[in-house]
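**Student:** First, the structure itself, so that you have it in front of you.
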Amino acid sequence: MPWALFPKIGCRLDLDGLAPRIGEQTVARKPRKPVSPEDARRIGAILRDLRRAAGYRAVRDVARVKNSPAAAQTIYAYERGGLLPSLRQVLELVEFYASTEGDSRVVRYQAVAAVEATLDSPAYGFVEANELIRRLQPDPQPGRRRAAKRPRPSAPKIKSRKP
């Protein structure tokens, strides 16, 4: 049976059945929840607005650039909401658009906002992950308190005798 070994995480991937394994046990994978069309269109609109802010009027202009991260048809599909880009692809496109010349400060601010909006989208599961972190986070343990220092008793004041 052909399989690939990932020694860093101690995991095997069965290439026939594509079932991830840890040791000799098969690990169950849940299918991803389908992403709503509104979320896909929203992410596409974010990418389209960023592309336009970067100075690319058309998708074909992006595809003509030598180091373009995606083909024109792929970018069209992302922007229409027909395809949902992976998080890695979104980050590559955002970085590509933000590295354009011109008024890069405005484009960089918009790129940061695009990444933030993408991570807040339910399409990538970060909202659920943050909620899980919040639920699993243990309450902080009370620290060890030191006993309050008592003020030293002061020496009795000597009254001066005035003749």
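Ordering of the structure tokens sets the chain letters (A, B, ...); residue numbers start at 1 within each chain; ligands are numbered from 1 in the order shown.
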List as a PyMOL selection string the protein and nucleic acid residues near Glu79 in chain A, meaning an atom at most 7 Å away when only C-alpha atoms are counted, but skip any in the same chain fewer than 6 places from it.

**Tutor:** chain A and resi 41+44-45+47-48

**Student:** Give the helix (DSSP H, G or I) residues of range 16-138 of chain A, as assigned by DSSP on the backbone, as a ChimeraX atom specification.

**Tutor:** /A:37-53,59-64,72-80,87-98,104-120,126-136

**Student:** With only C-alpha atoms as the atoms that count, which of A:Leu83, A:Ala40, A:Val112, A:Val35 lies nearest to Gly125 in chain A?

**Tutor:**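 Ranked by minimum distance to Gly125 in chain A, first place goes to A:Val35.
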
**Student:** Set the distance at 10 Å and use only C-alpha atoms: which residues neighbour Val90 in chain A once local chain neighbours fewer than 5 positions away are removed? I'd like the list as a PDB file with N, CA and C atoms, in the first residue's frame.

**Tutor:**
ATOM      1  N   ILE A  43     -16.073  37.803  -0.247  1.00  0.00           N
ATOM      2  CA  ILE A  43     -14.611  37.690  -0.358  1.00  0.00           C
ATOM      3  C   ILE A  43     -14.155  38.106  -1.751  1.00  0.00           C
ATOM      4  N   GLY A  44     -14.924  37.729  -2.767  1.00  0.00           N
ATOM      5  CA  GLY A  44     -14.606  38.162  -4.127  1.00  0.00           C
ATOM      6  C   GLY A  44     -14.651  39.671  -4.281  1.00  0.00           C
ATOM      7  N   ILE A  46     -14.134  41.835  -1.910  1.00  0.00           N
ATOM      8  CA  ILE A  46     -12.967  42.374  -1.197  1.00  0.00           C
ATOM      9  C   ILE A  46     -11.737  42.323  -2.097  1.00  0.00           C
ATOM     10  N   LEU A  47     -11.544  41.196  -2.778  1.00  0.00           N
ATOM     11  CA  LEU A  47     -10.389  41.062  -3.681  1.00  0.00           C
ATOM     12  C   LEU A  47     -10.499  42.010  -4.873  1.00  0.00           C
ATOM     13  N   PRO A  69       0.003  35.817  -9.017  1.00  0.00           N
ATOM     14  CA  PRO A  69      -0.225  34.597  -8.243  1.00  0.00           C
ATOM     15  C   PRO A  69      -1.316  33.686  -8.790  1.00  0.00           C
ATOM     16  N   TYR A  78     -12.879  33.934  -8.623  1.00  0.00           N
ATOM     17  CA  TYR A  78     -12.848  34.378  -7.231  1.00  0.00           C
ATOM     18  C   TYR A  78     -13.694  35.634  -7.050  1.00  0.00           C
ATOM     19  N   LEU A  84     -14.295  29.758  -4.248  1.00  0.00           N
ATOM     20  CA  LEU A  84     -13.798  30.314  -2.996  1.00  0.00           C
ATOM     21  C   LEU A  84     -12.300  30.051  -2.941  1.00  0.00           C
ATOM     22  N   PRO A  85     -11.492  31.106  -2.894  1.00  0.00           N
ATOM     23  CA  PRO A  85     -10.046  30.882  -2.834  1.00  0.00           C
ATOM     24  C   PRO A  85      -9.651  30.329  -1.473  1.00  0.00           C
ATOM     25  N   GLU A  95      -1.099  40.134  -0.891  1.00  0.00           N
ATOM     26  CA  GLU A  95       0.298  40.570  -0.873  1.00  0.00           C
ATOM     27  C   GLU A  95       0.733  41.094  -2.234  1.00  0.00           C
ATOM     28  N   PHE A  96       0.295  40.430  -3.292  1.00  0.00           N
ATOM     29  CA  PHE A  96       0.634  40.871  -4.645  1.00  0.00           C
ATOM     30  C   PHE A  96       0.067  42.264  -4.915  1.00  0.00           C
ATOM     31  N   ALA A 114      -8.506  43.988   4.187  1.00  0.00           N
ATOM     32  CA  ALA A 114      -8.976  42.821   3.435  1.00  0.00           C
ATOM     33  C   ALA A 114      -8.632  41.527   4.163  1.00  0.00           C
ATOM     34  N   VAL A 115      -7.433  41.434   4.703  1.00  0.00           N
ATOM     35  CA  VAL A 115      -7.045  40.228   5.448  1.00  0.00           C
ATOM     36  C   VAL A 115      -7.914  40.087   6.691  1.00  0.00           C
ATOM     37  N   THR A 118     -11.352  38.942   5.711  1.00  0.00           N
ATOM     38  CA  THR A 118     -11.329  37.543   5.287  1.00  0.00           C
ATOM     39  C   THR A 118     -11.278  36.616   6.493  1.00  0.00           C
TER      40      THR A 118
END

**Student:** Using only C-alpha atoms, find the one residue out of A:Asp49, A:Asp139, A:Glu38, A:Asp61 that sits nearest to Ala111 in chain A.

**Tutor:**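 Closest to Ala111 in chain A of all the choices is A:Asp49.
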
**Student:** I'd like the interatomic distance between CA of Pro122 in chain A and CA of Pro31 in chain A, to a tenth of an Å.

**Tutor:** 15.3 Å

**Student:** Work out how far CA of Arg105 in chain A is from CA of Ser68 in chain A, in Å to one decimal.

**Tutor:** 20.7 Å

**Student:** Which residues come within 9 Å of Ser99 in chain A, counting only C-alpha atoms, excluding same-chain residues fewer than 5 positions away, as a PyMOL selection string?

**Tutor:** chain A and resi 54+94+104+107-108

**Student:** Emit the selected residues as a PDB file, in the first residue's frame, including N, CA and C atoms.

**Tutor:**
ATOM      1  N   ALA A  54      -5.257  48.915  -6.200  1.00  0.00           N
ATOM      2  CA  ALA A  54      -3.847  48.733  -6.561  1.00  0.00           C
ATOM      3  C   ALA A  54      -3.546  49.252  -7.964  1.00  0.00           C
ATOM      4  N   VAL A  94      -3.541  39.248  -1.929  1.00  0.00           N
ATOM      5  CA  VAL A  94      -3.482  40.491  -1.157  1.00  0.00           C
ATOM      6  C   VAL A  94      -2.052  41.018  -1.119  1.00  0.00           C
ATOM      7  N   SER A 104       1.116  53.414  -2.381  1.00  0.00           N
ATOM      8  CA  SER A 104       1.121  52.117  -1.718  1.00  0.00           C
ATOM      9  C   SER A 104       0.603  52.171  -0.290  1.00  0.00           C
ATOM     10  N   VAL A 107      -3.112  51.509  -0.358  1.00  0.00           N
ATOM     11  CA  VAL A 107      -3.337  50.122  -0.763  1.00  0.00           C
ATOM     12  C   VAL A 107      -2.952  49.171   0.372  1.00  0.00           C
ATOM     13  N   ARG A 108      -1.891  49.483   1.078  1.00  0.00           N
ATOM     14  CA  ARG A 108      -1.487  48.625   2.206  1.00  0.00           C
ATOM     15  C   ARG A 108      -2.521  48.639   3.323  1.00  0.00           C
TER      16      ARG A 108
END

**Student:** Just how far from CA of Gly55 in chain A is CA of Tyr109 in chain A, in Å to one decimal?

**Tutor:**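 Computing the Euclidean distance for CA of Tyr109 in chain A and CA of Gly55 in chain A yields 14.6 Å.
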
**Student:** I need the residue nearest Pro34 in chain A from this list: A:Leu91, A:Ala77, A:Ala123, A:Ala117. Use only C-alpha atoms for the distance.

**Tutor:**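 The answer is A:Ala123, which sits nearest to Pro34 in chain A.
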